[in-house]
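Next comes structure_37.cif, with mmCIF, C-alpha atoms and all ligand atoms.
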```cif
data_coords
#
loop_
_atom_site.label_atom_id
_atom_site.label_comp_id
_atom_site.auth_asym_id
_atom_site.auth_seq_id
_atom_site.Cartn_x
_atom_site.Cartn_y
_atom_site.Cartn_z
CA MET A 1052 78.56 95.77 80.09
CA LYS A 1053 78.89 99.25 81.61
CA ILE A 1054 78.52 100.74 85.09
CA ALA A 1055 75.38 102.89 84.93
CA ASP A 1056 75.06 104.25 88.48
CA ILE A 1057 76.49 104.21 91.99
CA ARG A 1058 73.96 104.57 94.81
CA VAL A 1059 74.42 104.91 98.54
CA ARG A 1060 71.72 104.17 101.11
CA ALA A 1061 72.59 105.29 104.66
CA PHE A 1062 70.51 103.74 107.42
CA TRP A 1063 70.41 103.37 111.19
CA TYR A 1064 70.34 100.24 113.29
CA PRO A 1065 70.49 99.49 117.03
CA SER A 1066 74.04 98.89 118.21
CA GLN A 1067 75.70 98.45 121.60
CA GLU A 1068 79.19 99.60 120.66
CA LYS A 1069 80.85 102.93 119.86
CA ARG A 1070 84.37 104.27 119.24
CA ASP A 1071 85.92 106.36 122.04
CA SER A 1072 87.87 109.61 121.57
CA HIS A 1073 91.00 107.58 120.64
CA GLY A 1074 89.19 105.38 118.10
CA HIS A 1075 88.85 102.21 120.16
CA THR A 1076 85.52 100.37 120.13
CA HIS A 1077 83.76 99.70 123.45
CA PHE A 1078 80.46 98.49 124.85
CA VAL A 1079 78.26 101.56 125.54
CA GLY A 1080 74.69 100.20 125.73
CA GLU A 1081 72.01 100.46 123.06
CA HIS A 1082 72.01 103.47 120.75
CA ARG A 1083 71.43 104.25 117.06
CA ALA A 1084 74.44 103.61 114.81
CA THR A 1085 74.68 104.55 111.15
CA GLN A 1086 76.03 102.59 108.23
CA ALA A 1087 75.79 102.77 104.44
CA LEU A 1088 75.16 100.29 101.66
CA VAL A 1089 76.90 101.19 98.41
CA THR A 1090 75.40 99.71 95.25
CA ILE A 1091 76.99 99.49 91.79
CA VAL A 1092 74.26 99.36 89.14
CA CYS A 1093 75.08 98.11 85.64
CA ASP A 1094 73.29 98.90 82.38
CA ASP A 1095 71.52 95.50 82.36
CA GLY A 1096 70.03 96.27 85.79
CA SER A 1097 72.38 93.92 87.69
CA GLU A 1098 73.73 95.14 91.03
CA GLY A 1099 76.64 94.60 93.41
CA HIS A 1100 76.63 95.74 97.04
CA CYS A 1101 78.89 96.33 100.00
CA PHE A 1102 78.57 98.03 103.39
CA GLY A 1103 80.84 100.88 104.47
CA PRO A 1104 80.98 103.83 106.86
CA ALA A 1105 78.30 106.39 105.95
CA GLN A 1106 80.60 109.42 106.32
CA SER A 1107 83.23 107.90 104.02
CA LEU A 1108 80.55 107.34 101.38
CA ARG A 1109 78.91 110.79 101.60
CA PRO A 1110 77.54 112.36 98.37
CA TYR A 1111 80.62 114.62 97.89
CA VAL A 1112 82.91 111.56 97.76
CA ILE A 1113 80.62 109.60 95.43
CA ASP A 1114 80.11 112.57 93.08
CA SER A 1115 83.73 113.80 93.04
CA PHE A 1116 85.67 110.55 92.82
CA PHE A 1117 83.64 107.42 92.16
CA LYS A 1118 81.11 108.60 89.58
CA PRO A 1119 83.62 110.42 87.29
CA HIS A 1120 85.94 107.39 87.20
CA LEU A 1121 83.45 104.48 87.21
CA LEU A 1122 80.36 105.48 85.24
CA GLY A 1123 80.44 104.08 81.71
CA GLN A 1124 83.32 101.73 82.56
CA ASP A 1125 83.44 97.92 82.28
CA PRO A 1126 82.70 96.52 85.79
CA TYR A 1127 85.01 93.55 85.13
CA HIS A 1128 88.02 95.92 84.91
CA ARG A 1129 88.55 95.90 88.67
CA GLU A 1130 92.33 96.24 88.52
CA ARG A 1131 92.34 99.24 86.18
CA LEU A 1132 89.52 100.98 88.04
CA TRP A 1133 91.17 100.37 91.43
CA LEU A 1134 94.55 101.69 90.23
CA THR A 1135 92.89 104.84 88.84
CA LEU A 1136 91.08 105.51 92.12
CA ALA A 1137 94.17 104.70 94.23
CA ASP A 1138 96.09 107.20 92.10
CA MET A 1139 93.48 109.88 92.94
CA GLN A 1140 94.30 109.37 96.62
CA ARG A 1141 97.77 110.85 96.12
CA VAL A 1142 96.34 114.33 96.59
CA SER A 1143 92.87 113.50 98.01
CA VAL A 1144 93.29 110.80 100.63
CA GLY A 1145 91.52 113.02 103.18
CA GLN A 1146 88.30 112.73 101.15
CA LEU A 1147 88.75 109.46 99.23
CA THR A 1148 89.59 107.12 102.11
CA ASP A 1149 90.71 103.49 101.96
CA LYS A 1150 87.45 102.54 103.69
CA ALA A 1151 85.42 104.13 100.86
CA LEU A 1152 87.68 102.63 98.20
CA ALA A 1153 87.37 99.19 99.84
CA ALA A 1154 83.56 99.38 99.92
CA VAL A 1155 83.32 100.28 96.23
CA GLU A 1156 85.96 97.73 95.20
CA MET A 1157 84.16 94.99 97.13
CA ALA A 1158 80.83 96.01 95.55
CA LEU A 1159 82.53 95.32 92.18
CA TRP A 1160 83.61 91.86 93.42
CA ASP A 1161 80.08 91.27 94.75
CA TRP A 1162 78.63 92.27 91.39
CA ALA A 1163 80.93 89.92 89.44
CA ALA A 1164 80.33 86.96 91.76
CA ARG A 1165 76.55 87.47 91.72
CA LYS A 1166 76.77 87.50 87.91
CA ALA A 1167 78.74 84.23 87.98
CA ASN A 1168 76.32 82.86 90.62
CA ILE A 1169 79.14 81.81 92.99
CA PRO A 1170 80.68 83.17 96.21
CA VAL A 1171 83.57 85.63 95.78
CA TYR A 1172 86.08 83.29 97.45
CA LYS A 1173 85.34 80.54 94.89
CA MET A 1174 85.61 83.05 92.05
CA ILE A 1175 89.11 84.04 93.28
CA GLY A 1176 90.07 80.38 93.81
CA ALA A 1177 89.34 78.69 97.12
CA PHE A 1178 91.85 77.07 99.42
CA ARG A 1179 89.32 76.09 102.13
CA ASP A 1180 85.60 76.37 102.97
CA LYS A 1181 85.97 76.98 106.71
CA VAL A 1182 88.53 78.93 108.71
CA PRO A 1183 89.46 78.65 112.39
CA ALA A 1184 88.62 81.87 114.22
CA TYR A 1185 90.29 83.62 117.09
CA GLY A 1186 88.11 85.56 119.49
CA SER A 1187 89.40 89.15 119.38
CA THR A 1188 88.46 91.15 122.48
CA MET A 1189 87.65 94.83 122.57
CA CYS A 1190 90.21 97.04 124.28
CA GLY A 1191 90.14 97.21 128.06
CA ASP A 1192 87.51 99.43 129.69
CA GLN A 1193 86.36 100.59 133.13
CA ILE A 1194 83.03 98.74 133.18
CA SER A 1195 82.50 96.46 136.15
CA GLY A 1196 82.31 92.87 134.87
CA GLY A 1197 83.37 94.06 131.39
CA LEU A 1198 87.08 94.18 130.53
CA SER A 1199 88.26 96.30 133.45
CA THR A 1200 90.60 93.89 135.30
CA PRO A 1201 92.89 90.94 134.50
CA GLU A 1202 90.26 88.73 136.17
CA ASP A 1203 87.58 90.08 133.79
CA TYR A 1204 89.76 89.01 130.85
CA ALA A 1205 90.27 85.57 132.42
CA ARG A 1206 86.52 84.98 133.01
CA PHE A 1207 85.71 86.19 129.48
CA ALA A 1208 88.42 83.95 127.98
CA GLU A 1209 86.83 80.93 129.71
CA LYS A 1210 83.50 81.81 128.06
CA LEU A 1211 85.17 82.16 124.65
CA VAL A 1212 86.74 78.70 125.00
CA GLN A 1213 83.33 77.27 125.97
CA ARG A 1214 81.89 78.90 122.83
CA GLY A 1215 84.45 76.98 120.71
CA TYR A 1216 87.35 79.38 120.12
CA LYS A 1217 90.77 77.71 119.97
CA ALA A 1218 92.58 81.05 120.00
CA ILE A 1219 92.06 84.42 121.70
CA LYS A 1220 93.57 87.85 121.07
CA LEU A 1221 93.69 90.39 123.87
CA HIS A 1222 93.39 94.09 123.13
CA THR A 1223 94.39 95.63 126.46
CA TRP A 1224 94.00 99.12 127.99
CA ASN A 1225 94.57 102.30 126.03
CA PRO A 1226 94.06 106.03 126.54
CA PRO A 1227 91.71 107.79 127.27
CA ILE A 1228 91.67 105.52 130.37
CA SER A 1229 93.62 107.72 132.81
CA TRP A 1230 96.16 105.11 133.99
CA ALA A 1231 96.63 103.44 130.59
CA PRO A 1232 98.77 102.24 129.00
CA ASP A 1233 100.58 100.12 131.53
CA PRO A 1234 102.76 97.19 130.37
CA LYS A 1235 102.60 95.60 133.83
CA MET A 1236 98.79 95.51 133.68
CA ASP A 1237 99.01 94.02 130.17
CA VAL A 1238 101.19 91.20 131.51
CA LYS A 1239 98.77 90.62 134.40
CA ALA A 1240 95.87 90.26 131.95
CA CYS A 1241 97.90 87.92 129.69
CA ALA A 1242 98.97 85.79 132.68
CA ALA A 1243 95.40 85.60 134.03
CA VAL A 1244 94.09 84.46 130.65
CA ARG A 1245 96.85 81.86 130.22
CA GLU A 1246 96.08 80.53 133.70
CA ALA A 1247 92.34 80.37 132.88
CA VAL A 1248 92.52 78.66 129.47
CA GLY A 1249 95.54 76.39 129.91
CA PRO A 1250 98.41 75.68 127.50
CA ASP A 1251 96.44 74.46 124.45
CA ILE A 1252 94.66 77.68 123.47
CA ALA A 1253 96.69 79.97 121.19
CA LEU A 1254 97.02 83.42 122.74
CA LEU A 1255 97.86 86.64 120.89
CA LEU A 1256 98.49 90.18 122.18
CA ASP A 1257 97.65 93.52 120.54
CA PRO A 1258 98.42 96.14 123.24
CA TYR A 1259 98.84 99.94 123.22
CA SER A 1260 100.32 100.90 119.84
CA ALA A 1261 102.78 103.55 121.05
CA TYR A 1262 104.98 101.87 123.64
CA SER A 1263 108.67 102.83 123.66
CA ARG A 1264 111.25 100.28 122.44
CA VAL A 1265 112.16 99.47 126.04
CA GLU A 1266 108.53 98.93 127.09
CA ALA A 1267 107.73 96.90 123.97
CA LEU A 1268 110.79 94.68 124.48
CA TRP A 1269 109.99 94.06 128.16
CA LEU A 1270 106.35 93.21 127.40
CA GLY A 1271 107.37 90.94 124.50
CA LYS A 1272 109.77 88.98 126.73
CA GLU A 1273 107.06 88.53 129.38
CA ILE A 1274 104.50 87.14 126.90
CA GLU A 1275 107.17 84.87 125.39
CA LYS A 1276 107.37 83.27 128.84
CA LEU A 1277 103.57 82.83 128.77
CA GLY A 1278 103.79 80.98 125.43
CA PHE A 1279 101.96 83.61 123.36
CA ALA A 1280 101.81 82.88 119.62
CA TRP A 1281 102.20 86.43 118.26
CA TYR A 1282 102.80 90.07 119.23
CA GLU A 1283 101.04 92.83 117.28
CA GLU A 1284 101.59 96.61 116.92
CA PRO A 1285 103.17 97.46 120.31
CA MET A 1286 104.86 100.55 118.79
CA ARG A 1287 104.04 103.13 116.14
CA GLU A 1288 104.34 101.36 112.80
CA ALA A 1289 105.77 104.45 111.09
CA SER A 1290 109.11 103.53 112.72
CA LYS A 1291 110.02 100.45 110.71
CA SER A 1292 113.52 100.37 112.19
CA SER A 1293 112.00 100.01 115.69
CA PHE A 1294 110.24 96.85 114.54
CA GLU A 1295 113.45 95.55 112.91
CA TRP A 1296 115.15 96.07 116.29
CA LEU A 1297 112.28 94.44 118.20
CA ALA A 1298 112.12 91.42 115.88
CA ARG A 1299 115.90 90.94 116.27
CA ASN A 1300 115.57 90.97 120.05
CA LEU A 1301 112.54 88.70 120.50
CA ASP A 1302 111.72 85.10 119.57
CA ILE A 1303 107.93 85.58 119.52
CA PRO A 1304 106.63 86.28 115.97
CA ILE A 1305 105.98 89.98 115.29
CA VAL A 1306 102.85 90.60 113.18
CA GLY A 1307 102.48 93.71 111.03
CA PRO A 1308 102.08 96.26 109.68
CA GLU A 1309 98.37 96.70 110.26
CA THR A 1310 97.55 100.40 110.16
CA MET A 1311 100.61 101.81 108.37
CA GLU A 1312 99.80 103.42 105.02
CA GLY A 1313 101.45 102.23 101.81
CA ARG A 1314 99.68 98.91 101.20
CA TYR A 1315 101.78 96.24 99.39
CA GLN A 1316 104.80 98.53 99.03
CA THR A 1317 104.99 99.00 102.81
CA ARG A 1318 104.57 95.26 103.42
CA ALA A 1319 107.36 94.53 100.92
CA GLU A 1320 109.70 96.89 102.81
CA TRP A 1321 108.83 95.32 106.16
CA ILE A 1322 109.33 91.80 104.85
CA VAL A 1323 112.73 92.39 103.23
CA SER A 1324 114.07 94.37 106.18
CA GLY A 1325 112.98 91.77 108.76
CA ALA A 1326 110.59 94.10 110.61
CA CYS A 1327 107.92 91.37 110.84
CA ASP A 1328 107.77 87.57 111.00
CA ILE A 1329 104.14 87.44 109.83
CA THR A 1330 102.66 90.22 107.71
CA ARG A 1331 99.14 91.61 107.78
CA THR A 1332 96.41 93.03 105.59
CA GLY A 1333 92.71 93.81 105.88
CA VAL A 1334 90.30 95.05 103.25
CA THR A 1335 89.65 98.41 104.91
CA ASP A 1336 93.38 98.98 105.64
CA VAL A 1337 94.55 98.73 102.04
CA GLY A 1338 91.51 99.60 99.90
CA GLY A 1339 89.93 96.24 99.16
CA ILE A 1340 90.30 92.59 98.19
CA GLY A 1341 92.57 93.13 95.14
CA PRO A 1342 95.41 94.90 97.01
CA SER A 1343 95.08 92.39 99.87
CA LEU A 1344 95.60 89.51 97.42
CA LYS A 1345 98.85 91.17 96.31
CA ILE A 1346 100.00 91.25 99.94
CA ILE A 1347 99.03 87.61 100.57
CA HIS A 1348 100.99 86.48 97.51
CA LEU A 1349 103.93 88.76 98.28
CA ALA A 1350 104.19 87.11 101.71
CA GLU A 1351 103.82 83.65 100.15
CA SER A 1352 106.77 84.36 97.85
CA PHE A 1353 108.92 85.00 100.92
CA GLY A 1354 107.66 81.88 102.73
CA MET A 1355 105.80 84.10 105.17
CA ASP A 1356 102.28 83.96 106.59
CA CYS A 1357 99.88 86.88 106.20
CA GLU A 1358 97.22 87.21 108.90
CA ILE A 1359 94.01 89.05 108.07
CA HIS A 1360 92.87 92.08 110.08
CA ARG A 1361 89.28 92.21 111.35
CA GLU A 1362 85.95 90.60 110.56
CA GLY A 1363 83.47 90.75 107.69
CA PRO A 1364 82.86 88.89 104.42
CA GLY A 1365 85.71 90.54 102.49
CA ASN A 1366 88.27 89.51 105.11
CA LEU A 1367 86.69 86.07 105.48
CA ALA A 1368 87.01 85.56 101.71
CA LEU A 1369 90.73 86.45 101.97
CA CYS A 1370 91.18 83.84 104.71
CA ALA A 1371 89.47 81.25 102.52
CA VAL A 1372 91.72 81.80 99.48
CA GLN A 1373 95.08 81.83 101.27
CA SER A 1374 97.33 78.89 102.11
CA ASN A 1375 99.70 81.12 104.12
CA GLY A 1376 97.57 82.30 107.03
CA ARG A 1377 95.92 80.52 109.86
CA TRP A 1378 93.16 82.49 111.56
CA TYR A 1379 90.06 84.63 110.97
CA GLU A 1380 89.77 87.56 113.42
CA ARG A 1381 86.23 87.34 114.86
CA GLY A 1382 85.10 90.33 116.88
CA LEU A 1383 85.54 92.66 118.42
CA LEU A 1384 84.10 90.75 121.41
CA HIS A 1385 82.91 91.92 124.82
CA PRO A 1386 81.21 90.10 127.72
CA PHE A 1387 78.06 92.27 127.39
CA ILE A 1388 77.63 91.92 123.62
CA ASP A 1389 76.16 88.90 121.83
CA TYR A 1390 78.34 88.84 118.70
CA ASP A 1391 76.38 85.85 117.32
CA ARG A 1392 73.16 87.89 117.07
CA THR A 1393 72.24 88.73 113.46
CA PRO A 1394 72.06 92.51 112.91
CA PRO A 1395 68.69 93.65 111.53
CA TYR A 1396 70.14 94.76 108.18
CA LEU A 1397 71.11 91.14 107.40
CA ASN A 1398 68.90 88.07 107.01
CA GLN A 1399 71.59 85.82 108.42
CA HIS A 1400 74.87 86.31 110.24
CA CYS A 1401 77.77 86.71 107.81
CA ASP A 1402 80.43 84.86 109.85
CA GLN A 1403 78.71 81.94 111.55
CA MET A 1404 81.01 79.90 113.78
CA ASP A 1405 80.47 76.27 114.81
CA ALA A 1406 81.12 74.75 118.23
CA GLU A 1407 84.67 73.77 117.18
CA GLY A 1408 85.63 77.37 116.42
CA PHE A 1409 85.43 77.21 112.60
CA VAL A 1410 83.75 79.97 110.62
CA HIS A 1411 82.04 78.57 107.53
CA LEU A 1412 82.11 80.54 104.31
CA PRO A 1413 78.62 81.64 103.18
CA GLN A 1414 77.64 79.81 99.98
CA ILE A 1415 75.30 82.50 98.62
CA PRO A 1416 76.43 84.22 95.39
CA GLY A 1417 78.53 87.34 95.95
CA LEU A 1418 80.58 88.61 98.84
CA GLY A 1419 78.56 86.76 101.50
CA TYR A 1420 76.17 89.40 102.83
CA ASP A 1421 72.55 88.17 102.91
CA ILE A 1422 71.14 91.71 102.87
CA ASN A 1423 67.78 92.68 104.38
CA PHE A 1424 66.89 95.42 101.88
CA ASP A 1425 63.46 95.98 103.49
CA TYR A 1426 65.12 96.92 106.79
CA ILE A 1427 67.59 99.25 105.08
CA ASN A 1428 64.88 100.98 103.02
CA ALA A 1429 62.69 101.44 106.10
CA HIS A 1430 65.41 103.05 108.28
CA PRO A 1431 67.00 105.80 106.16
CA VAL A 1432 69.24 108.57 107.50
CA GLU A 1433 70.59 111.68 105.73
CA ILE A 1434 74.35 111.97 105.29
O1 LIG A 1501 92.06 99.68 119.05
C1 LIG A 1501 91.20 98.87 118.73
O2 LIG A 1501 89.99 99.00 118.92
C2 LIG A 1501 91.70 97.63 118.02
O3 LIG A 1501 93.08 97.60 118.07
C3 LIG A 1501 91.21 97.56 116.60
O4 LIG A 1501 91.79 98.57 115.84
C4 LIG A 1501 91.34 96.23 115.97
O5 LIG A 1501 90.80 96.34 114.69
C5 LIG A 1501 92.70 95.60 115.82
O6 LIG A 1501 93.76 96.17 115.91
N1 LIG A 1501 92.61 94.33 115.54
O7 LIG A 1501 93.70 93.60 115.36
MG MG A 1502 95.49 94.84 115.54
#
```

Give the structure from the file, written as structure tokens.
Ligand code: LLH
Ligand code: MG
Amino acid sequence: MKIADIRVRAFWYPSQEKRDSHGHTHFVGEHRATQALVTIVCDDGSEGHCFGPAQSLRPYVIDSFFKPHLLGQDPYHRERLWLTLADMQRVSVGQLTDKALAAVEMALWDWAARKANIPVYKMIGAFRDKVPAYGSTMCGDQISGGLSTPEDYARFAEKLVQRGYKAIKLHTWNPPISWAPDPKMDVKACAAVREAVGPDIALLLDPYSAYSRVEALWLGKEIEKLGFAWYEEPMREASKSSFEWLARNLDIPIVGPETMEGRYQTRAEWIVSGACDITRTGVTDVGGIGPSLKIIHLAESFGMDCEIHREGPGNLALCAVQSNGRWYERGLLHPFIDYDRTPPYLNQHCDQMDAEGFVHLPQIPGLGYDINFDYINAHPVEI
């Protein structure tokens, strides 16, 4: 079996969210968003697919990196192919991004699982078929009735609990909001949510990611008093020693790193130096499912949990194969967006949650996307 072609279809779809100038996602009202479907085609005509950002999968990237290293290769050699591509990033990470690498790597997993006629998580080796989700809010905004005040967070948290969530993560206010960040406002939002949902809902905080040590310590002590279950990325992750210091000075578990480059090597350094109590990976942060599995098992060897960053079938599969992690991050959520609505490029939602707050793993062969190819073919865009 050989890889015969790699194709990318970029398409548009109606969306209600957009990233702001600092990279945070917010509700903006309906507009056209763009995404891409990357397809690995093998010489017997079989295919594997995954979605990714259209710009990361532009023709230059496919022609310069993926085609030269994948065409003619055995699609079952995921580890060798991934290591070759990851090595190319040493001098080309500006073009060959982790998001692109993750999409292509997950298309290889999708291909192999479709061939075996089973879901990816069962091919890896399942630990569970359903995962409890936490509702992960968008960052704070300035939209009336959105996420603009501590009371907005409290009212939204009540709705999330009614929907079935047993845990909620707050992303609070960030620049470019003129008065943000503000640790006192973060505490007010956390306190309002705790008051609204009571003591039995697990609460997590992911605030501004560049607080000083003094601000991060003060905020951490305040949310300890509110019984929060973890504290995520309150400072720049490039300063590992700041996290070692913070973890020494707080009782609340510190989760990370999330966005810091360096994949499993960085996680290993954080774990051995005591910079985190729970580590973290996500398919688009580290270049796919394979490197994430290394991080999950690294953490397991140290008796540590690894919590998975963000939504989507690749991350859901990771949650389903791990014994050392609790939650699936479902979101990002906002009062004005119906997250449960199936996007038009899928035939069914890829992370359906029941009334008890469990997301059930899709049982279709492959990664778990039930793709609406007719929609994608009918809504092309040029990249
Ligand atoms: O800034 C944001 O929009 C969020 O922090 C986002 O990056 C989210 O993916 C996250 O950190 N989740 O844990
Ligand atoms: Mg985070």

Taking only C-alpha atoms and all ligand atoms into account, report as an NGL selection string which residues have an atom no farther than 7 Å from an atom of ligand LIG 1501 (chain A). :A and (1074-1076 or 1189-1190 or 1222 or 1257 or 1360-1361)

Got a sec to check which residues lie within 12 Å of ligand MG 1502 (chain A), using all atoms listed in the file, and send them as a VMD selection string? chain A and resid 1075 1187 to 1190 1220 to 1223 1255 to 1260 1281 to 1288 1305 to 1311 1330 to 1333 1336 1358 to 1362 1380 to 1383

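The residue set within 9 Å of His1430 in chain A, counting all atoms listed in the file and dropping same-chain residues fewer than 4 places from it, reads Ala1061, Phe1062, Trp1063, Tyr1064, Asp1425 and Tyr1426 of chain A.
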
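Within 6 Å of range 1408-1412 of chain A, once all atoms listed in the file are used and residues closer than 6 positions along the same chain are dropped, the contacting residues are Asp1180, Lys1181, Val1182, Pro1183, Ala1184, Gly1215, Tyr1216 and Asp1402 of chain A.
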
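Those residues that approach Arg1109 in chain A to within 12 Å, counting all atoms listed in the file, are Ile1057, Arg1058, Val1059, Arg1060, Ala1061, Gln1086, Ala1087, Leu1088, Val1089, Gly1103, Ser1115, Phe1116, Phe1117, Gln1146, Leu1147, Thr1148, Ala1151, Val1432, Glu1433 and Ile1434 of chain A; same-chain residues fewer than 6 positions away are not listed.
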
List as a ChimeraX atom specification the protein and nucleic acid residues near Ile1091 in chain A, meaning an atom at most 8 Å away when only C-alpha atoms are counted, but skip any in the same chain fewer than 4 places from it. /A:1054-1058,1098-1100,1155,1158-1159,1162

Quick one, how far is CA of Ala1243 in chain A from CA of Phe1078 in chain A? 21.8 Å

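With distances taken over all atoms listed in the file, A:His1385 is the one residue among A:Asp1356, A:His1385, A:Pro1226, A:Tyr1390 lying closest to Gly1196 in chain A.
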
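Closest approach to Leu1198 in chain A among A:His1120, A:His1077, A:Arg1377, A:Lys1069: A:His1077, based on all atoms listed in the file.
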